[in-house]
Amino acid sequence: MTSIRFVLLLTALILALNVILVCGYGFVIGKLGRDDRKIGTNVVNRKVTIRCRNEIIRFPAKGQRNNRRLSAIRVTDNGPFQHGSKIYLVKGGPGYTYSEINVKPINGTASRVTLEYFAKR
């Protein structure tokens, strides 16, 4: 009877661990309100490298325009164990019509970050 309980407990633990590792770690810069709409998305997908390179993500992209003020930026880190990158807001952000975000991968880990930009209607 105890072996069946042990197997069930072990199976539940493995399933819970898989759910935790699949879900991305995220945070929001600014305040995301009910009437905010997504106006853009950037995805950073870096492979594992020895050298750690910074990548600056600009919104709007070169040659595009945005005349709405950003209300929030949602950052989701989908990297391995959700600690694949350090993310810094360099310029702009909520209250401005542009933003520059520095994504710095940690040595030896892949970087998979999704940036979503929101503005009021």
# chains A, B, ... in the order shown; residues from 1 in each chain; ligands from 1
$ select_by_dssp --residues "stretch 40-113 of chain A" --states "strand (DSSP E)" --output "PyMOL selection string"
chain A and resi 40-46+55-59+70-77+85-92+99-105+111-113
$ residues_around --residues "A:Asp36" --least-positions-apart "2" --cutoff "9 Å" --atoms "only C-alpha atoms" --output "MDAnalysis selection string"
chainID A and resid 32:34 38 71:72 118:121
$ atom_distance --atom1 "atom CA of A:Glu100" --atom2 "atom CA of A:Gly30"
14.4 Å
$ residues_around --residues "A:Val43" --least-positions-apart "6" --cutoff "9 Å" --atoms "only C-alpha atoms" --output "list in words"
Arg112, Val113, Thr114, Leu115 and Glu116 of chain A
$ write_last_selection --atoms "C-alpha atoms" --output "mmCIF file, in the first residue's frame"
data_model
loop_
_atom_site.group_PDB
_atom_site.id
_atom_site.type_symbol
_atom_site.label_atom_id
_atom_site.label_comp_id
_atom_site.auth_asym_id
_atom_site.auth_seq_id
_atom_site.Cartn_x
_atom_site.Cartn_y
_atom_site.Cartn_z
ATOM 1 C CA ARG A 112 13.843 33.418 -24.864
ATOM 2 C CA VAL A 113 12.067 36.643 -23.955
ATOM 3 C CA THR A 114 8.722 37.992 -25.188
ATOM 4 C CA LEU A 115 8.019 41.733 -24.917
ATOM 5 C CA GLU A 116 4.423 42.920 -25.352
#
$ closest_residue --among "A:Thr76, A:Asn54, A:Asn67, A:Ser85" --to "A:Asn102" --atoms "only C-alpha atoms"
A:Asn54
$ residues_around --residues "A:Gln64" --least-positions-apart "6" --cutoff "12 Å" --atoms "only C-alpha atoms" --output "list in words"
Gly40, Arg58, Thr97 and Tyr98 of chain A
$ closest_residue --among "A:Asn42, A:Asn78, A:Ser3, A:Thr109" --to "A:Pro60" --atoms "only C-alpha atoms"
A:Asn42
